[in-house]
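Have a look at the structure below before the remarks.
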Amino acid sequence: MTASDQTAPAPQAPRAARRSPLIFGALGLVGALLFTSAVLLSSGVPPLEAYRLIFLGAFSTPTRISDMIMLAAPLLLCSAGLTLTFAAGLYNLGVEGQMILGAVGAMIPLRLFPDLPPPLLWALAFAGGAAGGAAWATLAAWLRVGLRVNEIFAGLGLNFLASGIALYLVLGPWRRVGQASSSGTEPLPKDLWLPTLDRLRLAPAAPIVALVALAIIWAAVTRTRWGLELRAVGLNPQAAGRMGVPAARRLAESLAACGALAGLAGAIQIIGVFHQLIPSISSGIGLLALLVVLLVRASPAWVLPIAAAFAVFTVGSVQLPLALGTDSSIAGVLQGALVLFALLARGLSARK
Amino acid sequence: MEQILIDLAAVLAAASPLIFATMGETISERAGVVNLSLDGSMLLAAMVGFAVAKLSGSLALGFAAAALASALVALVLGVLSLSLGQSQTAVGFVLALLCTDLSSFLGAPYVRVPGPAVPHAPVPGLADLPLLGPLLFNHDLLIYASFLLLPAVWWFLYRTRAGLVLRALGERPQTAYARGVPVVQLRYLYLVLGGALVGIAGAAYSLDLKQGWSYRHTFGTGWIALAIVIFGGWQPWRVAIGCYLFAALQAIASRSQGVLPSVPTQVFQVAPFVLMIVVLALVNLLSSPGAARRLAALPPTLRRPAERVVAWLATPAPAALGQPFQRP
């Protein structure tokens, strides 16, 4: 065996996990809430008050609702893409880097042809984003299929390489006129920003693109032969190969498609959210999407509610420092605990 | 000359947390378990170690608490993956993120408050030796410990019976089991032991090299350590070389900032990951049948040294790494 064969067992739904999903799902939820409450109490924060903000804070003002939607859109795109790689049995930890390269790809037409009509530029930015993300994912696919480098480590490495590239661009060739600043490139001219609803940061194009992409992925995974073959490869690549499924090809395709979707998310970060390239352009959304997909596994139908809930937690917790004098990272604790306890519940339910 | 010695000594010191973290990870990976939570558990341990040392006034307690915190994270990984059959990758990844946020949340009261630090302790007598004195014996206890840890891990893995069993856990767990080795229990042991070392690495930052606590205090070191273990081919000496190389690269990068103004220092952070990918790809290329054919076709005088180089480079991962153990 070689270094590349250390792949963790393919993520597949054990039959037993489906036996009583509701009971164990509820157990997981209760466990996660208890754990998070214990963390809150240990810092002297009243849990109920904190949960009220985390769960409902995102709906308190129109500004927060629009922030939540603008976070949910890229999160949905990355999560939808990851259901493809998850179905194929891959842990695409490189999604964060694919999003960064998507953002870089979206910047290229915006920098090259700033005089084109904005709608055309937005389309080009989305296309550039998808191409950038897909290219970066194809690199991971080539490493995995061609050189048998485990996608987990290749993905992690490529993430850091991608953030290095973004940082280099921000401080180097794309630096602001005058002085280089690691805070970001020159902001885009306002007429290139995705149009937003009146006085809000909500750009309707972002959630629309995300929902359309999610619908396409859902149809592709559950309604096409390609999706069936993908899942067959995820369950057992050798057996799928014997049935005539080009396994390596399907693996590469799922990675490239996931990269393209993550790249679209990166494009949204550029033209819809930050309006400039910043070193942390991905804002950890790819990592959060990995948590979403560890919860929903390869079922795209669940992506929308779970990703939306995660976006609600993150945006809701933003008020915690002001309202309760505590750190907003508790949202991450809750999200992580939810997945951890879901894995625990799955493990317990699969036990004989 | 004196400056070079001081620089080299600084590199040896700067690499010490990496040594603790990579030796811990090497131990658990050689036993067949990938602890992907490294980055998060290191942060949590750094925070817990600092807080406990600050509150108790005892450095020893701080380090013990850090080791315990990280060992507990490893234990959670063990329960979910070794006992409950969940993927090591999935659980480790979730733990990495969860512990990072836990450290940010629980550590908020300790951000940038002054606290205790490991005191400088030149070794009496030895510190005055020419060359070796300033290089090796003018540090503190933690850094001396990092010098000793490397040969200790090597000796344990390759020169003791327990080390042989440990390697069998990662290479042929079924065979080990058939010979009466309690595979799952021992994997727990080495996972938790490795986790404790990772915890010391975290506290090495908060109580020694980057004294204090701040948001994401050890940022990214855990991921770098994971990359270095692979770069080092799971061999303690090569892993340690990777740690020192990385620390040296960092030092050179921060020094050369004025010389190469267009390349920011942070870009050098990327190097270990690129090297990791290249090494993984090389290992697979060199161990492919095509490479073996090409080697065999070389003239005998060239073949022997070439084969030696290939064997040195192409150290594969433990065969059962990351795979669940099923009783035969």
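Simple scheme: letters A, B, ... for chains in structure tokens order, numbers from 1 for residues in each chain, numbers from 1 for ligands in the order shown.
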Please report as a Markdown table every residue of chain A lying within 8 Å of chain B, along with the nearest atom pair and their distance in Å (one decimal), using only C-alpha atoms.
```
| residue | atom | partner | partner_atom | distance |
| --- | --- | --- | --- | --- |
| A:Met1 | CA | B:Ala319 | CA | 5.6 |
| A:Thr2 | CA | B:Pro316 | CA | 5.0 |
| A:Ala3 | CA | B:Ala317 | CA | 4.6 |
| A:Ser4 | CA | B:Asn284 | CA | 7.4 |
| A:Asp5 | CA | B:Ala319 | CA | 7.8 |
| A:Gln6 | CA | B:Leu321 | CA | 5.4 |
| A:Thr7 | CA | B:Gly322 | CA | 6.7 |
| A:Ala8 | CA | B:Gly322 | CA | 5.2 |
| A:Pro9 | CA | B:Gln323 | CA | 6.4 |
| A:Pro11 | CA | B:Ser87 | CA | 7.3 |
| A:Val39 | CA | B:Leu106 | CA | 7.7 |
| A:Ser43 | CA | B:Leu106 | CA | 6.8 |
| A:Leu143 | CA | B:Ala281 | CA | 7.2 |
| A:Leu147 | CA | B:Ala281 | CA | 5.6 |
| A:Arg148 | CA | B:Asn284 | CA | 6.7 |
| A:Val149 | CA | B:Ala281 | CA | 5.9 |
| A:Phe153 | CA | B:Ile277 | CA | 7.6 |
| A:Ala154 | CA | B:Ile277 | CA | 6.0 |
| A:Leu156 | CA | B:Phe273 | CA | 7.9 |
| A:Gly157 | CA | B:Phe273 | CA | 4.6 |
| A:Leu158 | CA | B:Phe273 | CA | 7.4 |
| A:Phe160 | CA | B:Val270 | CA | 5.8 |
| A:Leu161 | CA | B:Val270 | CA | 5.5 |
| A:Gly164 | CA | B:Val267 | CA | 5.0 |
| A:Ile165 | CA | B:Val267 | CA | 7.7 |
| A:Leu167 | CA | B:Val267 | CA | 7.2 |
| A:Tyr168 | CA | B:Val267 | CA | 6.8 |
| A:Leu171 | CA | B:Pro264 | CA | 7.2 |
| A:Gly172 | CA | B:Ser262 | CA | 5.9 |
| A:Leu291 | CA | B:Val94 | CA | 7.0 |
| A:Leu294 | CA | B:Ala90 | CA | 7.2 |
| A:Thr326 | CA | B:Phe105 | CA | 7.7 |
| A:Asp327 | CA | B:Phe105 | CA | 5.4 |
| A:Ser328 | CA | B:Phe105 | CA | 7.3 |
| A:Ser329 | CA | B:Asp101 | CA | 5.4 |
| A:Ile330 | CA | B:Phe105 | CA | 6.1 |
| A:Gly332 | CA | B:Asp101 | CA | 5.6 |
| A:Val333 | CA | B:Leu98 | CA | 5.4 |
| A:Gln335 | CA | B:Leu98 | CA | 7.8 |
| A:Gly336 | CA | B:Leu98 | CA | 4.8 |
| A:Ala337 | CA | B:Leu98 | CA | 6.8 |
| A:Val339 | CA | B:Val94 | CA | 7.0 |
| A:Leu340 | CA | B:Val94 | CA | 6.5 |
| A:Leu343 | CA | B:Gln86 | CA | 6.8 |
| A:Leu344 | CA | B:Leu80 | CA | 6.2 |
| A:Arg346 | CA | B:Gln86 | CA | 8.0 |
| A:Gly347 | CA | B:Leu84 | CA | 4.6 |
| A:Leu348 | CA | B:Leu84 | CA | 6.5 |
| A:Ala350 | CA | B:Leu84 | CA | 7.9 |
| A:Arg351 | CA | B:Leu84 | CA | 7.1 |
```
Item to check | Polymer residues at most 9 Å from Ala67 (chain B), only C-alpha atoms, same-chain spacing of 2 or more positions, as a PyMOL selection string | outcome: chain B and resi 45+49+62-65+69-72+193+195-203
Dump of all heavy atoms for the selected residues, as a compact mmCIF listing (two decimals), in the first residue's frame:
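Saved as again_36.txt:
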```txt
# COMPACT_ATOMS: atom_id res chain seq x y z
N ALA B 45 -5.45 23.57 23.79
CA ALA B 45 -4.44 23.29 24.81
C ALA B 45 -3.66 24.56 25.14
O ALA B 45 -3.36 24.81 26.32
CB ALA B 45 -3.49 22.20 24.32
N GLY B 49 -3.80 25.74 28.85
CA GLY B 49 -2.52 25.78 29.55
C GLY B 49 -2.24 27.17 30.09
O GLY B 49 -1.84 27.32 31.26
N GLY B 62 0.00 24.19 34.37
CA GLY B 62 -0.43 24.68 33.06
C GLY B 62 -0.13 23.66 31.97
O GLY B 62 -0.99 23.33 31.15
N PHE B 63 1.10 23.16 31.95
CA PHE B 63 1.47 22.17 30.93
C PHE B 63 0.66 20.89 31.09
O PHE B 63 0.21 20.30 30.10
CB PHE B 63 2.97 21.88 30.99
CG PHE B 63 3.78 22.86 30.20
CD1 PHE B 63 4.42 23.93 30.82
CD2 PHE B 63 3.87 22.74 28.82
CE1 PHE B 63 5.14 24.85 30.09
CE2 PHE B 63 4.60 23.66 28.08
CZ PHE B 63 5.24 24.72 28.72
N ALA B 64 0.44 20.48 32.36
CA ALA B 64 -0.33 19.26 32.59
C ALA B 64 -1.76 19.45 32.08
O ALA B 64 -2.32 18.56 31.41
CB ALA B 64 -0.34 18.93 34.08
N ALA B 65 -2.34 20.62 32.35
CA ALA B 65 -3.72 20.87 31.91
C ALA B 65 -3.79 20.90 30.39
O ALA B 65 -4.74 20.38 29.78
CB ALA B 65 -4.21 22.18 32.49
N ALA B 69 -6.07 18.46 28.21
CA ALA B 69 -7.13 18.96 27.32
C ALA B 69 -7.01 18.32 25.95
O ALA B 69 -7.98 17.82 25.37
CB ALA B 69 -7.04 20.48 27.21
N SER B 70 -5.79 18.33 25.42
CA SER B 70 -5.59 17.78 24.08
C SER B 70 -5.75 16.26 24.06
O SER B 70 -6.25 15.69 23.09
CB SER B 70 -4.21 18.21 23.58
OG SER B 70 -3.98 17.70 22.32
N ALA B 71 -5.36 15.62 25.16
CA ALA B 71 -5.54 14.17 25.26
C ALA B 71 -7.03 13.83 25.28
O ALA B 71 -7.45 12.82 24.69
CB ALA B 71 -4.85 13.63 26.51
N LEU B 72 -7.82 14.68 25.94
CA LEU B 72 -9.27 14.46 25.99
C LEU B 72 -9.88 14.56 24.59
O LEU B 72 -10.74 13.76 24.22
CB LEU B 72 -9.93 15.50 26.90
CG LEU B 72 -10.13 15.10 28.35
CD1 LEU B 72 -10.70 16.25 29.14
CD2 LEU B 72 -11.05 13.88 28.42
N LEU B 193 -1.88 9.39 24.00
CA LEU B 193 -0.50 9.81 24.28
C LEU B 193 -0.04 10.86 23.26
O LEU B 193 0.52 11.90 23.62
CB LEU B 193 0.42 8.58 24.23
CG LEU B 193 1.87 8.82 24.62
CD1 LEU B 193 1.97 9.09 26.10
CD2 LEU B 193 2.72 7.61 24.24
N GLY B 195 -1.95 12.75 21.56
CA GLY B 195 -2.75 13.95 21.83
C GLY B 195 -2.13 14.78 22.95
O GLY B 195 -2.06 16.01 22.86
N ALA B 196 -1.63 14.11 23.99
CA ALA B 196 -1.01 14.83 25.11
C ALA B 196 0.21 15.61 24.62
O ALA B 196 0.43 16.75 25.01
CB ALA B 196 -0.63 13.85 26.21
N LEU B 197 1.01 15.00 23.75
CA LEU B 197 2.18 15.70 23.21
C LEU B 197 1.76 16.91 22.39
O LEU B 197 2.38 17.98 22.45
CB LEU B 197 3.02 14.75 22.34
CG LEU B 197 3.85 13.73 23.11
CD1 LEU B 197 4.51 12.75 22.16
CD2 LEU B 197 4.90 14.44 23.95
N VAL B 198 0.68 16.76 21.64
CA VAL B 198 0.15 17.89 20.86
C VAL B 198 -0.26 19.02 21.81
O VAL B 198 -0.04 20.20 21.53
CB VAL B 198 -1.04 17.43 20.00
CG1 VAL B 198 -1.76 18.63 19.40
CG2 VAL B 198 -0.58 16.48 18.91
N GLY B 199 -0.81 18.64 22.97
CA GLY B 199 -1.19 19.64 23.96
C GLY B 199 0.02 20.42 24.47
O GLY B 199 -0.03 21.64 24.63
N ILE B 200 1.11 19.69 24.70
CA ILE B 200 2.35 20.37 25.14
C ILE B 200 2.79 21.36 24.07
O ILE B 200 3.27 22.46 24.38
CB ILE B 200 3.45 19.32 25.39
CG1 ILE B 200 2.93 18.29 26.39
CG2 ILE B 200 4.75 20.02 25.84
CD1 ILE B 200 3.64 18.13 27.65
N ALA B 201 2.62 20.98 22.80
CA ALA B 201 2.99 21.88 21.72
C ALA B 201 2.19 23.18 21.81
O ALA B 201 2.72 24.27 21.63
CB ALA B 201 2.75 21.20 20.37
N GLY B 202 0.89 23.04 22.11
CA GLY B 202 0.06 24.24 22.24
C GLY B 202 0.55 25.13 23.37
O GLY B 202 0.74 26.34 23.20
N ALA B 203 0.80 24.51 24.54
CA ALA B 203 1.26 25.29 25.69
C ALA B 203 2.65 25.86 25.44
O ALA B 203 3.01 26.89 25.99
CB ALA B 203 1.25 24.41 26.93
```
